[in-house]
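Visitor: One structure coming up, written as structure tokens, with questions to follow.
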Amino acid sequence: MTRIGKVLGISGSPRRDGNTELLLKEFLRGARASGHETELFILNKFKISPCTSCDSCQKNGQCIIDDDMQLMYNRLLEADYIVLASPIYFGGVSAQLKSLIDRCQALWSRKYILKETLISPDKGNRSGYFISTAGSIDGKNIFEGAIIVIKAIFHVLDIKYKGELLFTGMEKKGDIIKHPDALQTSFKTGMSLRKLNKFLKR
């Protein structure tokens, strides 16, 4: 018996309907076409403050900053697939996405300081992807710093890094539409997400 997988897409672009957001939406559309449940978060619509490194979360695993990040913790832990999308700024992810990632210090504390199990054993293997665009045309090296960050947060969340969709030369809004197969590739990648062969508890 199979169950519907939950696919969480998080857009870190400060620009609405920009290149990475369009790619992410196509990925999620493909995931829905293959039978998965999807949810999209546009970080620019939420208030997520940076981590203040106060270490309060090391006491009880809870972040004391009361903002929209509190909505995200359960979403990050409940999803079967997580897709993070961000354009490249100075060799890294956007400030919006980095704030979310840094606020996951609370989850890091729960896992490594308090020795809690973040993911239920019956959840199975979780997977994640990274979608990114860059204005530079210098090649994939421009994405290396961002990929390190994405892999680091996926490791904390017990997510296997399955791959990335990376496109250079995307300087202006809508440039991705002119790419011969970028949106189609993103859609197909979303469609390729495996079904979850797990018995449901009655």
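Residue numbers start at 1 in each chain; chains themselves are named A, B, ... in the order of the structure tokens; ligands are numbered from 1 in the order shown.
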Please list as an mmCIF file with N, CA and C atoms, in the first residue's frame every residue within 9 Å of Leu114 of chain A, counting only C-alpha atoms and excluding residues in the same chain fewer than 3 positions away.

Guide:
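Written out: result15.cif:
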```
data_model
loop_
_atom_site.group_PDB
_atom_site.id
_atom_site.type_symbol
_atom_site.label_atom_id
_atom_site.label_comp_id
_atom_site.auth_asym_id
_atom_site.auth_seq_id
_atom_site.Cartn_x
_atom_site.Cartn_y
_atom_site.Cartn_z
ATOM 1 N N GLN A 58 19.499 25.504 23.021
ATOM 2 C CA GLN A 58 20.256 24.374 23.557
ATOM 3 C C GLN A 58 19.666 23.859 24.865
ATOM 4 N N LYS A 59 18.787 24.644 25.484
ATOM 5 C CA LYS A 59 18.181 24.230 26.749
ATOM 6 C C LYS A 59 16.946 23.355 26.537
ATOM 7 N N ASN A 60 16.136 23.725 25.535
ATOM 8 C CA ASN A 60 14.894 22.978 25.330
ATOM 9 C C ASN A 60 14.553 22.716 23.867
ATOM 10 N N GLY A 61 15.454 23.083 22.970
ATOM 11 C CA GLY A 61 15.222 22.846 21.554
ATOM 12 C C GLY A 61 14.269 23.817 20.902
ATOM 13 N N SER A 109 20.115 21.858 17.693
ATOM 14 C CA SER A 109 20.261 21.673 19.131
ATOM 15 C C SER A 109 19.465 20.470 19.621
ATOM 16 N N ARG A 110 18.271 20.309 19.096
ATOM 17 C CA ARG A 110 17.459 19.151 19.492
ATOM 18 C C ARG A 110 18.136 17.842 19.112
ATOM 19 N N LYS A 111 18.769 17.847 17.940
ATOM 20 C CA LYS A 111 19.381 16.619 17.434
ATOM 21 C C LYS A 111 20.719 16.318 18.094
#
```

Visitor: Excluding segment 116-122 of chain A and residues on its chain fewer than 2 positions from it, collect all residues at most 8 Å away from it, counting only C-alpha atoms, and give them as a list in words.

Guide: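 Close residues of segment 116-122 of chain A: Leu77, Glu78, Leu107, Arg110, Lys111, Tyr112, Leu114, Gly124, Leu157 and Asp158 of chain A.
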
Visitor: Kindly export the residues of the current selection with N, CA and C atoms, as a compact mmCIF listing (two decimals), in the first residue's frame.

Guide:
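Once written, again_0.txt looks like this:
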```
# COMPACT_ATOMS: atom_id res chain seq x y z
N LEU A 77 9.96 19.10 9.18
CA LEU A 77 10.10 17.75 9.74
C LEU A 77 9.07 16.78 9.18
N GLU A 78 7.97 17.27 8.67
CA GLU A 78 6.90 16.40 8.20
C GLU A 78 7.02 16.06 6.72
N LEU A 107 16.68 23.13 15.61
CA LEU A 107 16.59 21.71 15.29
C LEU A 107 17.94 21.03 15.47
N ARG A 110 18.27 20.31 19.10
CA ARG A 110 17.46 19.15 19.49
C ARG A 110 18.14 17.84 19.11
N LYS A 111 18.77 17.85 17.94
CA LYS A 111 19.38 16.62 17.43
C LYS A 111 20.72 16.32 18.09
N TYR A 112 21.58 17.32 18.19
CA TYR A 112 22.96 17.06 18.61
C TYR A 112 23.26 17.42 20.07
N LEU A 114 20.52 17.91 22.62
CA LEU A 114 19.52 17.24 23.45
C LEU A 114 19.30 15.78 23.07
N GLY A 124 10.55 6.88 7.07
CA GLY A 124 11.31 6.42 5.90
C GLY A 124 12.35 7.43 5.47
N LEU A 157 18.52 17.81 8.85
CA LEU A 157 17.13 17.39 8.73
C LEU A 157 16.98 15.93 8.30
N ASP A 158 18.08 15.20 8.24
CA ASP A 158 18.05 13.79 7.82
C ASP A 158 17.44 13.64 6.43
```

Visitor: With only C-alpha atoms as the counted atoms, please give the residues lying no more than 10 Å from segment 42-48 of chain A, apart from itself and same-chain residues fewer than 3 positions off, as a ChimeraX atom specification.

Guide: /A:9-17,21,51,65-72,85,95-100,103

Visitor: Identify which of the residues A:Gly174, A:Gly128, A:Gly92, A:Pro180 lies closest to His155 of chain A, counting only C-alpha atoms when measuring atom-to-atom distances.

Guide: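 Once distances to His155 of chain A are computed over only C-alpha atoms, the minimum belongs to A:Gly128.
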
Visitor: Of the candidates A:Cys57, A:Asn74, A:Val156, A:Leu166, which shows the shortest atom-to-atom distance to Glu144 of chain A, using only C-alpha atoms?

Guide: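 Closest to Glu144 of chain A of all the choices is A:Leu166.
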
Visitor: Counting only C-alpha atoms, figure out which residue out of A:Cys104, A:Gly91, A:Leu76, A:Leu23 gets nearest to Phe130 of chain A.

Guide: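 Answer, going by the shortest atom-to-atom distance: A:Leu23.
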
Visitor: What lies within 12 Å of Asp181 of chain A using only C-alpha atoms, ignoring chain neighbours under 6 positions off, as a list of chain:residue names?

Guide: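 My reading of the contact set: A:Leu23, A:Glu26, A:Leu165, A:Phe167, A:Phe187, A:Lys188.
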
Visitor: Just N, CA and C atoms for this one: save the residues we selected as an mmCIF file, in the first residue's frame.

Guide:
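New file part.cif:
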```
data_model
loop_
_atom_site.group_PDB
_atom_site.id
_atom_site.type_symbol
_atom_site.label_atom_id
_atom_site.label_comp_id
_atom_site.auth_asym_id
_atom_site.auth_seq_id
_atom_site.Cartn_x
_atom_site.Cartn_y
_atom_site.Cartn_z
ATOM 1 N N LEU A 23 10.955 27.978 -11.713
ATOM 2 C CA LEU A 23 11.474 26.610 -11.748
ATOM 3 C C LEU A 23 10.874 25.769 -10.629
ATOM 4 N N GLU A 26 7.309 24.749 -11.335
ATOM 5 C CA GLU A 26 7.238 23.658 -12.308
ATOM 6 C C GLU A 26 7.602 22.318 -11.663
ATOM 7 N N LEU A 165 19.165 21.529 -9.770
ATOM 8 C CA LEU A 165 18.898 22.112 -11.073
ATOM 9 C C LEU A 165 19.524 23.499 -11.051
ATOM 10 N N PHE A 167 21.196 26.846 -13.231
ATOM 11 C CA PHE A 167 21.198 27.526 -14.520
ATOM 12 C C PHE A 167 21.915 28.866 -14.394
ATOM 13 N N PHE A 187 9.983 20.306 -14.358
ATOM 14 C CA PHE A 187 8.719 19.573 -14.287
ATOM 15 C C PHE A 187 8.971 18.062 -14.276
ATOM 16 N N LYS A 188 9.834 17.602 -15.148
ATOM 17 C CA LYS A 188 10.118 16.169 -15.236
ATOM 18 C C LYS A 188 10.805 15.649 -13.975
#
```

Visitor: What parts of chain A does DSSP call alpha helix (DSSP H)? I'd like the answer as a ChimeraX atom specification.

Guide: /A:19-33,57-60,72-78,95-103,105-108,144-156,175-178,182-191

Visitor: Identify, with DSSP run on backbone atoms, the residues in segment 105-179 of chain A assigned to strand (DSSP E or B), and express the list as JSON, numbers by chain.

Guide: {"A": [126, 127, 128, 129, 130, 131, 132, 133, 159, 160, 161, 162, 163, 164, 165, 166, 167]}

Visitor: Save the residues we just selected, C-alpha atoms, as a tab-separated table (two decimals), in the first residue's frame?

Guide:
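Just written: result.tsv:
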```
chain	number	residue	atom	x	y	z
A	126	ARG	CA	13.58	11.68	2.97
A	127	SER	CA	15.07	13.38	-0.06
A	128	GLY	CA	15.84	16.92	-1.13
A	129	TYR	CA	16.76	19.00	-4.16
A	130	PHE	CA	18.29	22.42	-4.74
A	131	ILE	CA	17.13	24.76	-7.50
A	132	SER	CA	19.24	27.80	-8.29
A	133	THR	CA	19.99	30.41	-10.93
A	159	ILE	CA	17.45	14.44	4.15
A	160	LYS	CA	19.42	12.76	1.39
A	161	TYR	CA	20.68	15.28	-1.16
A	162	LYS	CA	19.36	13.90	-4.44
A	163	GLY	CA	20.51	16.58	-6.84
A	164	GLU	CA	20.20	20.07	-8.18
A	165	LEU	CA	18.90	22.11	-11.07
A	166	LEU	CA	21.38	24.91	-11.79
A	167	PHE	CA	21.20	27.53	-14.52
```

Visitor: Go through A:Trp108, A:Phe143, A:Tyr89, A:Phe27 one by one, measure the shortest atom-to-atom distance of each to Leu193 of chain A using only C-alpha atoms, and give the residue with the smallest value.

Guide: A:Phe27

Visitor: Name all residues at most 9 Å from Leu28 of chain A (count only C-alpha atoms; drop same-chain ones fewer than 5 positions away) and give them as a PyMOL selection string.

Guide: chain A and resi 7-9+23+33+36-40+83+186-187+190-191

Visitor: Measure the distance from atom CA of Ile82 of chain A to atom CA of Gly169 of chain A in Å and round it to one decimal.

Guide: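 These atoms are spaced 25.3 Å apart.
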
Visitor: One decimal, in Å: what's the spacing between atom CA of Ser56 of chain A and atom CA of Arg75 of chain A?

Guide: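 Between atom CA of Ser56 of chain A and atom CA of Arg75 of chain A the gap is 21.6 Å.
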
Visitor: Could you jot down the atom CA of Ile147 of chain A to atom CA of Gly135 of chain A separation for me, Å, one decimal place?

Guide: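 Atom CA of Gly135 of chain A lies 16.5 Å from atom CA of Ile147 of chain A.
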